[in-house]
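K.L.:
Questions regarding the structure given below will be posed in turn.
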Amino acid sequence: MTFESLKLKVLYILSEANQTRDEKLFNICKLLESNISYYTWVGFYFANHDTRTLHLGPYVGAPTDHTVIPFGKGICGQVAVSNQNFVVPDVTAQDNYIACSFTVKSEIVVPLFVNGVNIGQIDIDSNVADPFTPADERFLEFVNTEVAKLF
């Protein structure tokens with residue numbers, strides 16, 4: 001399925017009136033994980049700026065012990081500080097990587113902004129080395145722009 005056709009499905013999920021915000025986010029995670037072959041783990045983390053921590057929200061994939069991540073720690077924590085997309089083609093090359101599973105080879109994290117504030121991020125792990133392209137970044141930016149309307 002192409003990113004363009006997935007965009008329409010994302011918009012549909014977000015428009016469902018009988019779903020809670022977390023149900024919508026979970027359904028987006030399911031959609032992405034089941035339709036993009038190299039998206040192995042898809043989830044949202046949300047920031048608590050008072051404690052400078054990220055908290056795991058809805059996700060699809062293997063269970064993780066990383067339910068709370070300090071700002072600056074790991075790829076997600078670095079994005080909480082930098083406010084920039086972070087694409088990691090090879091997780092073994094990152095000193096500040098938090099290993100969720102030995103099968104993960106690469107990761108992409110895209111921040112989620114509401115009114116100019118980074119409130120969280122979408123995090124994608126892949127069991128494939130270096131699969132993410134600028135098209136993935138643009139697509140995930142689109143997803144987050146639309147998700148931000150829920151807040």
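The way I read the labels, and the way they are meant: chains A, B, ... in the order of the structure tokens, residue 1 as the first residue of every chain, and ligand 1 as the first ligand shown, with later ones counted on from there.
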Would you tabulate, counting only C-alpha atoms, all residues of stretch 39-108 of chain A that have an atom at most 7 Å from an atom of stretch 115-128 of chain A, showing the closest pair of atoms and their distance in Å to one decimal, sorted by chain then ascending number, as JSON lines?
P.N.:
```
{"residue": "A:Tyr39", "atom": "CA", "partner": "A:Ser126", "partner_atom": "CA", "distance": 5.2}
{"residue": "A:Thr40", "atom": "CA", "partner": "A:Ser126", "partner_atom": "CA", "distance": 4.9}
{"residue": "A:Trp41", "atom": "CA", "partner": "A:Asp125", "partner_atom": "CA", "distance": 5.0}
{"residue": "A:Val42", "atom": "CA", "partner": "A:Ile124", "partner_atom": "CA", "distance": 4.7}
{"residue": "A:Gly43", "atom": "CA", "partner": "A:Asp123", "partner_atom": "CA", "distance": 5.3}
{"residue": "A:Phe44", "atom": "CA", "partner": "A:Ile122", "partner_atom": "CA", "distance": 4.6}
{"residue": "A:Tyr45", "atom": "CA", "partner": "A:Gly120", "partner_atom": "CA", "distance": 5.3}
{"residue": "A:Phe46", "atom": "CA", "partner": "A:Gly120", "partner_atom": "CA", "distance": 4.0}
{"residue": "A:Ala47", "atom": "CA", "partner": "A:Gly120", "partner_atom": "CA", "distance": 5.1}
{"residue": "A:Ala80", "atom": "CA", "partner": "A:Asn118", "partner_atom": "CA", "distance": 7.0}
{"residue": "A:Asn83", "atom": "CA", "partner": "A:Asn118", "partner_atom": "CA", "distance": 6.6}
{"residue": "A:Thr103", "atom": "CA", "partner": "A:Asn127", "partner_atom": "CA", "distance": 5.6}
{"residue": "A:Val104", "atom": "CA", "partner": "A:Asn127", "partner_atom": "CA", "distance": 4.5}
{"residue": "A:Lys105", "atom": "CA", "partner": "A:Asn127", "partner_atom": "CA", "distance": 5.0}
{"residue": "A:Ser106", "atom": "CA", "partner": "A:Ser126", "partner_atom": "CA", "distance": 5.2}
{"residue": "A:Glu107", "atom": "CA", "partner": "A:Asp125", "partner_atom": "CA", "distance": 4.5}
{"residue": "A:Ile108", "atom": "CA", "partner": "A:Ile124", "partner_atom": "CA", "distance": 5.3}
```
K.L.:
Which residues are near A:Leu140? Cut-off 10 Å, only C-alpha atoms, ignore same chain within fewer than 5 positions. Put them as a short mmCIF file (atom, residue, chain, number, x, y, z; two decimals) with N, CA and C atoms, in the first residue's frame.
P.N.:
```cif
data_model
loop_
_atom_site.label_atom_id
_atom_site.label_comp_id
_atom_site.auth_asym_id
_atom_site.auth_seq_id
_atom_site.Cartn_x
_atom_site.Cartn_y
_atom_site.Cartn_z
N PHE A 3 2.05 5.28 0.46
CA PHE A 3 1.86 6.29 1.50
C PHE A 3 0.62 7.14 1.21
N LYS A 7 -2.48 7.60 3.74
CA LYS A 7 -2.92 8.91 4.25
C LYS A 7 -4.44 8.96 4.35
N LEU A 32 -0.28 1.12 10.24
CA LEU A 32 1.08 1.29 9.73
C LEU A 32 1.87 -0.02 9.84
N ASN A 85 13.33 15.34 13.59
CA ASN A 85 13.25 13.94 13.19
C ASN A 85 14.61 13.29 13.43
N ILE A 108 13.14 5.11 13.39
CA ILE A 108 12.82 6.48 12.99
C ILE A 108 11.87 7.05 14.04
N VAL A 109 12.15 8.28 14.46
CA VAL A 109 11.32 8.97 15.44
C VAL A 109 11.01 10.36 14.90
N VAL A 110 9.71 10.71 14.89
CA VAL A 110 9.27 12.01 14.37
C VAL A 110 8.46 12.69 15.46
N PRO A 111 8.86 13.93 15.83
CA PRO A 111 8.16 14.64 16.91
C PRO A 111 6.74 15.03 16.52
N LEU A 112 5.91 15.15 17.54
CA LEU A 112 4.50 15.53 17.41
C LEU A 112 4.31 16.88 18.09
N GLN A 121 5.81 11.95 20.24
CA GLN A 121 6.43 11.49 19.00
C GLN A 121 5.84 10.16 18.57
N ILE A 122 6.03 9.89 17.29
CA ILE A 122 5.76 8.56 16.79
C ILE A 122 7.11 7.88 16.62
N ASP A 123 7.18 6.64 17.06
CA ASP A 123 8.43 5.88 17.07
C ASP A 123 8.20 4.61 16.27
N ILE A 124 9.09 4.36 15.32
CA ILE A 124 9.00 3.15 14.49
C ILE A 124 10.32 2.40 14.59
N PRO A 134 13.40 9.58 2.97
CA PRO A 134 12.71 10.84 3.21
C PRO A 134 11.19 10.73 3.02
N ALA A 135 10.74 9.79 2.21
CA ALA A 135 9.29 9.59 2.03
C ALA A 135 8.65 9.10 3.33
N THR A 145 0.89 15.58 12.02
CA THR A 145 0.13 16.82 11.81
C THR A 145 -1.35 16.55 11.99
N GLU A 146 -1.82 15.42 11.48
CA GLU A 146 -3.24 15.09 11.61
C GLU A 146 -3.57 14.64 13.05
#
```
K.L.:
I need the alpha helix (DSSP H) residues of stretch 4-129 of chain A per DSSP on the backbone, written as an NGL selection string.
P.N.:
:A and (4-15 or 21-35 or 74-82)
K.L.:
Export N, CA and C atoms of the chosen residues as a CSV table (one decimal), in the first residue's frame?
P.N.:
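Result went into part19.csv, see below:
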```
chain,number,residue,atom,x,y,z
A,4,GLU,N,0.4,7.4,-0.1
A,4,GLU,CA,-0.8,8.2,-0.4
A,4,GLU,C,-2.1,7.5,0.0
A,5,SER,N,-2.2,6.2,-0.3
A,5,SER,CA,-3.4,5.5,0.1
A,5,SER,C,-3.5,5.4,1.6
A,6,LEU,N,-2.4,5.2,2.3
A,6,LEU,CA,-2.4,5.2,3.7
A,6,LEU,C,-2.8,6.5,4.4
A,7,LYS,N,-2.5,7.6,3.7
A,7,LYS,CA,-2.9,8.9,4.2
A,7,LYS,C,-4.4,9.0,4.3
A,8,LEU,N,-5.1,8.5,3.3
A,8,LEU,CA,-6.6,8.5,3.3
A,8,LEU,C,-7.1,7.6,4.5
A,9,LYS,N,-6.5,6.5,4.7
A,9,LYS,CA,-6.9,5.6,5.8
A,9,LYS,C,-6.6,6.2,7.2
A,10,VAL,N,-5.5,6.9,7.3
A,10,VAL,CA,-5.2,7.7,8.6
A,10,VAL,C,-6.3,8.7,8.8
A,11,LEU,N,-6.7,9.5,7.8
A,11,LEU,CA,-7.7,10.5,7.9
A,11,LEU,C,-9.0,9.9,8.3
A,12,TYR,N,-9.3,8.7,7.7
A,12,TYR,CA,-10.6,8.0,8.1
A,12,TYR,C,-10.6,7.6,9.6
A,13,ILE,N,-9.5,7.0,10.0
A,13,ILE,CA,-9.4,6.6,11.4
A,13,ILE,C,-9.6,7.8,12.3
A,14,LEU,N,-8.9,8.9,12.0
A,14,LEU,CA,-9.0,10.1,12.9
A,14,LEU,C,-10.4,10.7,12.9
A,15,SER,N,-11.2,10.4,11.8
A,15,SER,CA,-12.5,11.0,11.8
A,15,SER,C,-13.6,10.2,12.5
A,21,ARG,N,-9.5,8.9,21.7
A,21,ARG,CA,-8.2,9.3,21.1
A,21,ARG,C,-7.2,8.1,21.1
A,22,ASP,N,-7.1,7.4,22.3
A,22,ASP,CA,-6.2,6.3,22.3
A,22,ASP,C,-6.6,5.2,21.4
A,23,GLU,N,-7.9,4.9,21.2
A,23,GLU,CA,-8.3,3.9,20.2
A,23,GLU,C,-7.9,4.3,18.8
A,24,LYS,N,-8.0,5.6,18.5
A,24,LYS,CA,-7.6,6.1,17.1
A,24,LYS,C,-6.1,5.9,17.0
A,25,LEU,N,-5.3,6.3,18.0
A,25,LEU,CA,-3.9,6.2,17.9
A,25,LEU,C,-3.5,4.7,17.8
A,26,PHE,N,-4.1,3.8,18.5
A,26,PHE,CA,-3.8,2.4,18.4
A,26,PHE,C,-4.1,1.9,17.0
A,27,ASN,N,-5.3,2.3,16.4
A,27,ASN,CA,-5.6,1.9,15.1
A,27,ASN,C,-4.7,2.4,14.0
A,28,ILE,N,-4.1,3.6,14.2
A,28,ILE,CA,-3.1,4.1,13.3
A,28,ILE,C,-1.8,3.2,13.4
A,29,CYS,N,-1.5,2.9,14.6
A,29,CYS,CA,-0.3,2.0,14.8
A,29,CYS,C,-0.5,0.7,14.1
A,30,LYS,N,-1.7,0.1,14.3
A,30,LYS,CA,-2.0,-1.2,13.6
A,30,LYS,C,-2.0,-1.0,12.1
A,31,LEU,N,-2.6,0.1,11.6
A,31,LEU,CA,-2.6,0.3,10.1
A,31,LEU,C,-1.1,0.4,9.6
A,32,LEU,N,-0.3,1.1,10.2
A,32,LEU,CA,1.1,1.3,9.7
A,32,LEU,C,1.9,0.0,9.8
A,33,GLU,N,1.8,-0.7,11.0
A,33,GLU,CA,2.5,-1.9,11.2
A,33,GLU,C,2.1,-3.0,10.2
A,34,SER,N,0.8,-3.1,9.9
A,34,SER,CA,0.3,-4.1,9.1
A,34,SER,C,0.5,-3.8,7.6
A,35,ASN,N,0.7,-2.6,7.2
A,35,ASN,CA,0.7,-2.2,5.8
A,35,ASN,C,2.1,-1.8,5.3
A,74,GLY,N,18.3,7.7,24.8
A,74,GLY,CA,17.9,7.0,23.6
A,74,GLY,C,17.4,7.9,22.5
A,75,ILE,N,17.0,7.3,21.4
A,75,ILE,CA,16.6,8.1,20.3
A,75,ILE,C,15.4,8.9,20.6
A,76,CYS,N,14.4,8.3,21.2
A,76,CYS,CA,13.2,9.0,21.6
A,76,CYS,C,13.5,10.2,22.5
A,77,GLY,N,14.3,10.0,23.5
A,77,GLY,CA,14.6,11.0,24.5
A,77,GLY,C,15.4,12.2,23.8
A,78,GLN,N,16.2,11.8,22.8
A,78,GLN,CA,17.0,12.8,22.1
A,78,GLN,C,16.0,13.7,21.2
A,79,VAL,N,15.0,13.1,20.6
A,79,VAL,CA,14.0,13.8,19.8
A,79,VAL,C,13.2,14.8,20.7
A,80,ALA,N,13.0,14.3,22.0
A,80,ALA,CA,12.2,15.2,22.9
A,80,ALA,C,13.0,16.5,23.2
A,81,VAL,N,14.3,16.4,23.1
A,81,VAL,CA,15.2,17.6,23.3
A,81,VAL,C,15.4,18.4,22.1
A,82,SER,N,15.7,17.7,21.0
A,82,SER,CA,16.1,18.3,19.7
A,82,SER,C,14.9,18.9,18.9
```
K.L.:
So, with only C-alpha atoms as the atoms that count, which of A:Pro58, A:Leu150, A:Phe142, A:Asp90 lies closest to A:Ala129?
P.N.:
A:Asp90
K.L.:
Among the residues of stretch 66-150 of chain A, find those DSSP assigns to strand (DSSP E or B) from the backbone and print them as a PyMOL selection string.
P.N.:
chain A and resi 68-70+86-88+106-114+117-126
K.L.:
When you draw a straight line from atom CA of A:Phe151 to atom CA of A:Thr20, how long is it in Å?
P.N.:
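Atom-to-atom, atom CA of A:Phe151 to atom CA of A:Thr20, that is 11.8 Å.
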K.L.:
Between A:Gln19, A:Thr51, A:Thr133, A:Thr67, which one has atoms that come closest to A:Pro89, using only C-alpha atoms?
P.N.:
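With only C-alpha atoms as the atom set, the closest residue is A:Thr133.
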K.L.:
Fewer than 6 positions away in the same chain doesn't count, so skip those; otherwise give me all residues within 7 Å of A:Thr53, counting only C-alpha atoms, as a PDB file with N, CA, C and O atoms, in the first residue's frame.
P.N.:
```pdb
ATOM      1  N   ALA A  47       5.078  13.410  26.075  1.00  0.00           N
ATOM      2  CA  ALA A  47       5.981  14.117  26.979  1.00  0.00           C
ATOM      3  C   ALA A  47       5.267  14.604  28.231  1.00  0.00           C
ATOM      4  O   ALA A  47       4.135  15.081  28.174  1.00  0.00           O
ATOM      5  N   VAL A  68       8.714   4.492  30.281  1.00  0.00           N
ATOM      6  CA  VAL A  68       9.079   5.860  30.654  1.00  0.00           C
ATOM      7  C   VAL A  68      10.532   6.077  30.231  1.00  0.00           C
ATOM      8  O   VAL A  68      11.411   5.288  30.599  1.00  0.00           O
ATOM      9  N   ILE A  69      10.766   7.135  29.452  1.00  0.00           N
ATOM     10  CA  ILE A  69      12.101   7.430  28.937  1.00  0.00           C
ATOM     11  C   ILE A  69      12.454   8.867  29.319  1.00  0.00           C
ATOM     12  O   ILE A  69      11.716   9.796  28.976  1.00  0.00           O
ATOM     13  N   PRO A  70      13.573   9.069  29.985  1.00  0.00           N
ATOM     14  CA  PRO A  70      13.994  10.435  30.312  1.00  0.00           C
ATOM     15  C   PRO A  70      14.368  11.216  29.042  1.00  0.00           C
ATOM     16  O   PRO A  70      14.915  10.636  28.095  1.00  0.00           O
ATOM     17  N   PHE A  71      14.057  12.503  29.043  1.00  0.00           N
ATOM     18  CA  PHE A  71      14.499  13.367  27.947  1.00  0.00           C
ATOM     19  C   PHE A  71      16.018  13.203  27.797  1.00  0.00           C
ATOM     20  O   PHE A  71      16.746  13.171  28.789  1.00  0.00           O
TER      21      PHE A  71
END
```
K.L.:
Work out how far apart atom CA of A:Lys149 and atom CA of A:Phe113 are and give it in Å to one decimal.
P.N.:
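So the two atoms, atom CA of A:Lys149 and atom CA of A:Phe113, lie 9.8 Å apart.
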K.L.:
One decimal, Å: what's the distance from atom CA of A:Ser37 over to atom CA of A:Thr2, could you say?
P.N.:
11.4 Å
K.L.:
Choose the residue, out of A:Phe86, A:Tyr38, A:Tyr59, A:Phe102, that has the smallest atom-to-atom separation from A:Pro131; count only C-alpha atoms.
P.N.:
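Distance minimum relative to A:Pro131 lands on A:Tyr38.
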